[in-house]
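Visitor: Got a file for you: query-v8.cif, mmCIF, C-alpha atoms.
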data_run
loop_
_atom_site.group_PDB
_atom_site.id
_atom_site.type_symbol
_atom_site.label_atom_id
_atom_site.label_comp_id
_atom_site.auth_asym_id
_atom_site.auth_seq_id
_atom_site.Cartn_x
_atom_site.Cartn_y
_atom_site.Cartn_z
ATOM 1 C CA THR F 1 -0.867 2.195 21.949
ATOM 2 C CA SER F 2 -4.637 1.918 21.661
ATOM 3 C CA VAL F 3 -4.566 3.614 18.231
ATOM 4 C CA LEU F 4 -1.908 1.152 17.104
ATOM 5 C CA MET F 5 -4.032 -1.710 18.461
ATOM 6 C CA VAL F 6 -7.015 -0.509 16.402
ATOM 7 C CA LEU F 7 -4.763 -0.234 13.338
ATOM 8 C CA MET F 8 -3.485 -3.793 13.770
ATOM 9 C CA PHE F 9 -6.902 -5.242 14.595
ATOM 10 C CA CYS F 10 -8.412 -3.677 11.473
ATOM 11 C CA GLY F 11 -5.403 -4.990 9.589
ATOM 12 C CA ALA F 12 -6.499 -8.541 10.350
ATOM 13 C CA PHE F 13 -9.839 -7.793 8.725
ATOM 14 C CA GLY F 14 -8.049 -6.053 5.863
ATOM 15 C CA ARG F 15 -6.200 -9.232 5.005
ATOM 16 C CA ILE F 16 -9.369 -11.291 4.977
ATOM 17 C CA LEU F 17 -11.637 -8.810 3.232
ATOM 18 C CA GLY F 18 -8.849 -7.698 0.878
ATOM 19 C CA GLY F 19 -8.542 -11.300 -0.263
ATOM 20 C CA LYS F 20 -12.309 -11.518 -0.717
ATOM 21 C CA LEU F 21 -12.261 -8.270 -2.695
ATOM 22 C CA GLY F 22 -9.561 -9.790 -4.903
ATOM 23 C CA ASP F 23 -11.816 -12.793 -5.503
ATOM 24 C CA VAL F 24 -14.644 -10.498 -6.599
ATOM 25 C CA ILE F 25 -12.884 -7.842 -8.725
ATOM 26 C CA GLY F 26 -9.499 -9.456 -9.393
ATOM 27 C CA ALA F 27 -6.168 -9.388 -7.591
ATOM 28 C CA LEU F 28 -4.609 -6.420 -9.381
ATOM 29 C CA PRO F 29 -7.685 -4.144 -9.139
ATOM 30 C CA ALA F 30 -7.965 -5.026 -5.436
ATOM 31 C CA TYR F 31 -4.273 -4.199 -4.980
ATOM 32 C CA ILE F 32 -4.798 -0.852 -6.735
ATOM 33 C CA LEU F 33 -7.840 -0.038 -4.606
ATOM 34 C CA MET F 34 -6.120 -0.943 -1.339
ATOM 35 C CA SER F 35 -2.985 0.981 -2.335
ATOM 36 C CA LEU F 36 -5.122 4.009 -3.198
ATOM 37 C CA GLY F 37 -6.746 3.874 0.247
ATOM 38 C CA GLN F 38 -3.387 3.570 1.960
ATOM 39 C CA THR F 39 -1.901 6.446 -0.045
ATOM 40 C CA ILE F 40 -4.846 8.753 0.614
ATOM 41 C CA SER F 41 -5.051 7.976 4.315
ATOM 42 C CA VAL F 42 -1.354 8.345 5.114
ATOM 43 C CA ILE F 43 -1.285 12.049 4.236
ATOM 44 C CA TRP F 44 -3.989 12.796 6.824
ATOM 45 C CA PHE F 45 -2.186 11.554 9.947
ATOM 46 C CA PRO F 46 -0.452 14.872 10.827
ATOM 47 C CA TYR F 47 -3.706 16.816 10.428
ATOM 48 C CA VAL F 48 -6.096 14.715 12.493
ATOM 49 C CA THR F 49 -6.106 16.063 16.035
ATOM 50 C CA ASN F 50 -9.188 14.633 17.716
ATOM 51 C CA PRO F 51 -9.042 11.102 19.156
ATOM 52 C CA ILE F 52 -12.112 9.760 17.318
ATOM 53 C CA GLY F 53 -10.736 10.926 13.970
ATOM 54 C CA LEU F 54 -7.376 9.355 14.749
ATOM 55 C CA TYR F 55 -8.999 6.025 15.609
ATOM 56 C CA LEU F 56 -11.083 6.104 12.408
ATOM 57 C CA LEU F 57 -8.064 6.983 10.285
ATOM 58 C CA ALA F 58 -5.989 4.257 11.952
ATOM 59 C CA ALA F 59 -8.756 1.728 11.291
ATOM 60 C CA PHE F 60 -8.962 2.675 7.618
ATOM 61 C CA PHE F 61 -5.187 2.736 7.191
ATOM 62 C CA GLY F 62 -4.768 -0.617 8.943
ATOM 63 C CA PHE F 63 -7.454 -2.168 6.761
ATOM 64 C CA THR F 64 -5.937 -0.910 3.499
ATOM 65 C CA TYR F 65 -2.317 -1.512 4.533
ATOM 66 C CA SER F 66 -2.974 -5.174 5.286
ATOM 67 C CA GLY F 67 -5.037 -5.471 2.130
ATOM 68 C CA VAL F 68 -1.999 -4.242 0.195
ATOM 69 C CA MET F 69 0.268 -6.780 1.837
ATOM 70 C CA SER F 70 -1.930 -9.734 0.940
ATOM 71 C CA SER F 71 -2.712 -8.374 -2.533
ATOM 72 C CA ILE F 72 0.978 -8.154 -3.421
ATOM 73 C CA LEU F 73 1.386 -11.914 -3.099
ATOM 74 C CA VAL F 74 -1.821 -12.837 -4.915
ATOM 75 C CA THR F 75 -1.182 -10.363 -7.736
ATOM 76 C CA THR F 76 2.379 -11.582 -8.198
ATOM 77 C CA ARG F 77 1.203 -15.177 -8.417
ATOM 78 C CA MET F 78 -1.437 -14.283 -10.989
ATOM 79 C CA VAL F 79 0.960 -12.484 -13.363
ATOM 80 C CA VAL F 80 3.871 -14.953 -13.389
ATOM 81 C CA SER F 81 4.118 -18.589 -14.350
ATOM 82 C CA ALA F 82 3.898 -21.302 -11.701
ATOM 83 C CA LYS F 83 7.551 -22.148 -12.367
ATOM 84 C CA PHE F 84 8.652 -18.624 -11.404
ATOM 85 C CA ALA F 85 6.060 -17.943 -8.656
ATOM 86 C CA GLY F 86 8.243 -18.738 -5.642
ATOM 87 C CA ARG F 87 11.097 -16.566 -6.842
ATOM 88 C CA ALA F 88 8.754 -13.742 -7.890
ATOM 89 C CA ASN F 89 6.954 -13.725 -4.533
ATOM 90 C CA SER F 90 10.289 -13.736 -2.714
ATOM 91 C CA LEU F 91 11.550 -10.797 -4.761
ATOM 92 C CA GLY F 92 8.275 -8.909 -4.369
ATOM 93 C CA SER F 93 8.270 -9.442 -0.614
ATOM 94 C CA PHE F 94 11.937 -8.482 -0.351
ATOM 95 C CA PHE F 95 11.463 -5.194 -2.166
ATOM 96 C CA GLY F 96 8.172 -4.482 -0.382
ATOM 97 C CA TRP F 97 9.661 -4.947 3.075
ATOM 98 C CA THR F 98 12.851 -3.115 2.087
ATOM 99 C CA GLY F 99 10.740 -0.199 0.888
ATOM 100 C CA MET F 100 8.833 -0.126 4.162
ATOM 101 C CA GLY F 101 12.092 -0.135 6.120
ATOM 102 C CA ILE F 102 13.527 2.669 4.007
ATOM 103 C CA GLY F 103 10.245 4.543 4.409
ATOM 104 C CA GLY F 104 10.524 4.298 8.182
ATOM 105 C CA PHE F 105 14.098 5.541 8.025
ATOM 106 C CA PHE F 106 13.172 8.515 5.854
ATOM 107 C CA GLY F 107 10.168 9.276 8.063
ATOM 108 C CA GLY F 108 12.500 9.663 11.037
ATOM 109 C CA TYR F 109 15.071 11.510 8.958
ATOM 110 C CA PHE F 110 12.514 14.081 7.773
ATOM 111 C CA PHE F 111 11.256 14.524 11.325
ATOM 112 C CA ASP F 112 14.814 15.130 12.550
ATOM 113 C CA LEU F 113 15.424 17.541 9.674
ATOM 114 C CA TYR F 114 12.218 19.604 9.935
ATOM 115 C CA GLY F 115 10.936 18.966 13.459
ATOM 116 C CA ASP F 116 7.454 17.845 12.445
ATOM 117 C CA TYR F 117 5.764 14.962 10.677
ATOM 118 C CA PHE F 118 4.440 16.780 7.616
ATOM 119 C CA TRP F 119 7.292 15.782 5.293
ATOM 120 C CA SER F 120 7.443 12.259 6.703
ATOM 121 C CA PHE F 121 3.840 11.585 5.763
ATOM 122 C CA ALA F 122 4.062 13.635 2.556
ATOM 123 C CA PHE F 123 6.997 11.454 1.485
ATOM 124 C CA ALA F 124 4.949 8.313 2.196
ATOM 125 C CA SER F 125 2.086 9.714 0.130
ATOM 126 C CA ILE F 126 4.393 10.616 -2.773
ATOM 127 C CA VAL F 127 5.905 7.135 -2.811
ATOM 128 C CA GLY F 128 2.393 5.648 -2.601
ATOM 129 C CA SER F 129 1.420 7.754 -5.620
ATOM 130 C CA ILE F 130 4.417 6.443 -7.562
ATOM 131 C CA ASN F 131 3.344 2.912 -6.650
ATOM 132 C CA LEU F 132 -0.168 3.661 -7.930
ATOM 133 C CA VAL F 133 1.198 4.907 -11.257
ATOM 134 C CA ILE F 134 3.206 1.684 -11.639
ATOM 135 C CA LEU F 135 0.201 -0.480 -10.719
ATOM 136 C CA LEU F 136 -2.086 1.387 -13.133
ATOM 137 C CA ARG F 137 0.447 0.907 -15.933
ATOM 138 C CA PHE F 138 0.508 -2.834 -15.169
ATOM 139 C CA TRP F 139 -3.289 -2.919 -15.197
ATOM 140 C CA LEU F 140 -3.491 -1.027 -18.517
ATOM 141 C CA ARG F 141 -0.895 -3.296 -20.103
ATOM 142 C CA ILE F 142 -2.613 -6.469 -18.921
ATOM 143 C CA SER F 143 -6.003 -5.106 -20.041
ATOM 144 C CA ARG F 144 -4.622 -4.297 -23.483
ATOM 145 C CA LEU F 145 -3.022 -7.721 -23.832
ATOM 146 C CA THR F 146 -6.226 -9.543 -22.884
ATOM 147 C CA LEU F 147 -8.290 -7.443 -25.308
ATOM 148 C CA HIS F 148 -6.035 -8.344 -28.210
ATOM 149 C CA LYS F 149 -5.981 -12.088 -27.602
ATOM 150 C CA PRO F 150 -7.522 -14.094 -30.455
#
Represent the structure of the file as C-alpha cells.
Guide:
Amino acid sequence: TSVLMVLMFCGAFGRILGGKLGDVIGALPAYILMSLGQTISVIWFPYVTNPIGLYLLAAFFGFTYSGVMSSILVTTRMVVSAKFAGRANSLGSFFGWTGMGIGGFFGGYFFDLYGDYFWSFAFASIVGSINLVILLRFWLRISRLTLHKP
C-alpha cells in the first residue's frame, strides 16, 4: 500500500508538471514524452526486487502515468475545432479508460495463464509501444502540415 501511495502522490505532481511541460514544449510532444516514460517504466516492475527501487519506479511511473492522462485532454483539444472539442474529449476519455480496463483484465488473465507477471507487464509495454507509434505518426503529420502552410 505504501508503494501505491507513492505512485498516487507522484501522480498528483505528474498532472501539474505534465501540464507545465505541455506549456513549454507543446501538448503533443509532452504526451509523447510522458507516454514514453510510462511505457519504459512498466516493463521493469517484475524485475525490481529491492524496496527502494520499487518506490523509485512507482514514483516515476505515477508521474508519467498522470502526465499522460492530463496530456490526452489537452492534446485532443489542441487538434480539434472548438465545436467538436467536447465530443472529441469524451471519445478520447472513453477509449482511454476502456483501454486501461481491458489492460487490467488482460494483466490478470496473463497472470492466471502463466503464473507470473512477466507477460502482464510485457503486454502493457507492447500496447504502450503501439500508442507511441500512433502518437509519433500524429506528430509527424502535424509537423508536415505546419511546414507546408503558406
Visitor: Given the PyMOL selection byres ((chain F and resi 16) around 12) and the file above, list the residues it selects as a list in words.
Guide: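 Checking the PyMOL selection byres ((chain F and resi 16) around 12) against this file, the residues are Phe9, Cys10, Gly11, Ala12, Phe13, Gly14, Arg15, Leu17, Gly18, Gly19, Lys20, Leu21, Gly22, Asp23, Phe63, Thr64, Ser66, Gly67, Val68, Met69, Ser70 and Ser71 of chain F.
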Visitor: Could you jot down the CA of Val3 (chain F) to CA of Tyr47 (chain F) separation for me, Å, one decimal place?
Guide: 15.4 Å
Visitor: Hey, which of F:Ser35, F:Ser2, F:Thr49, F:Ser41 ends up closest to Phe121 (chain F)? Count only C-alpha atoms.
Guide: F:Ser41
Visitor: What do you get, as an NGL selection string, if you spell out every residue that the PyMOL selection byres ((chain F and resi 42) around 12) selects here?
Guide: :F and (35-41 or 43-48 or 54 or 57-62 or 64-65 or 107 or 117-129)
Visitor: Mind giving me the straight-line distance from CA of Ile72 (chain F) to CA of Leu33 (chain F) in Å, one decimal?
Guide: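 Distance between the two atoms: 12.0 Å.
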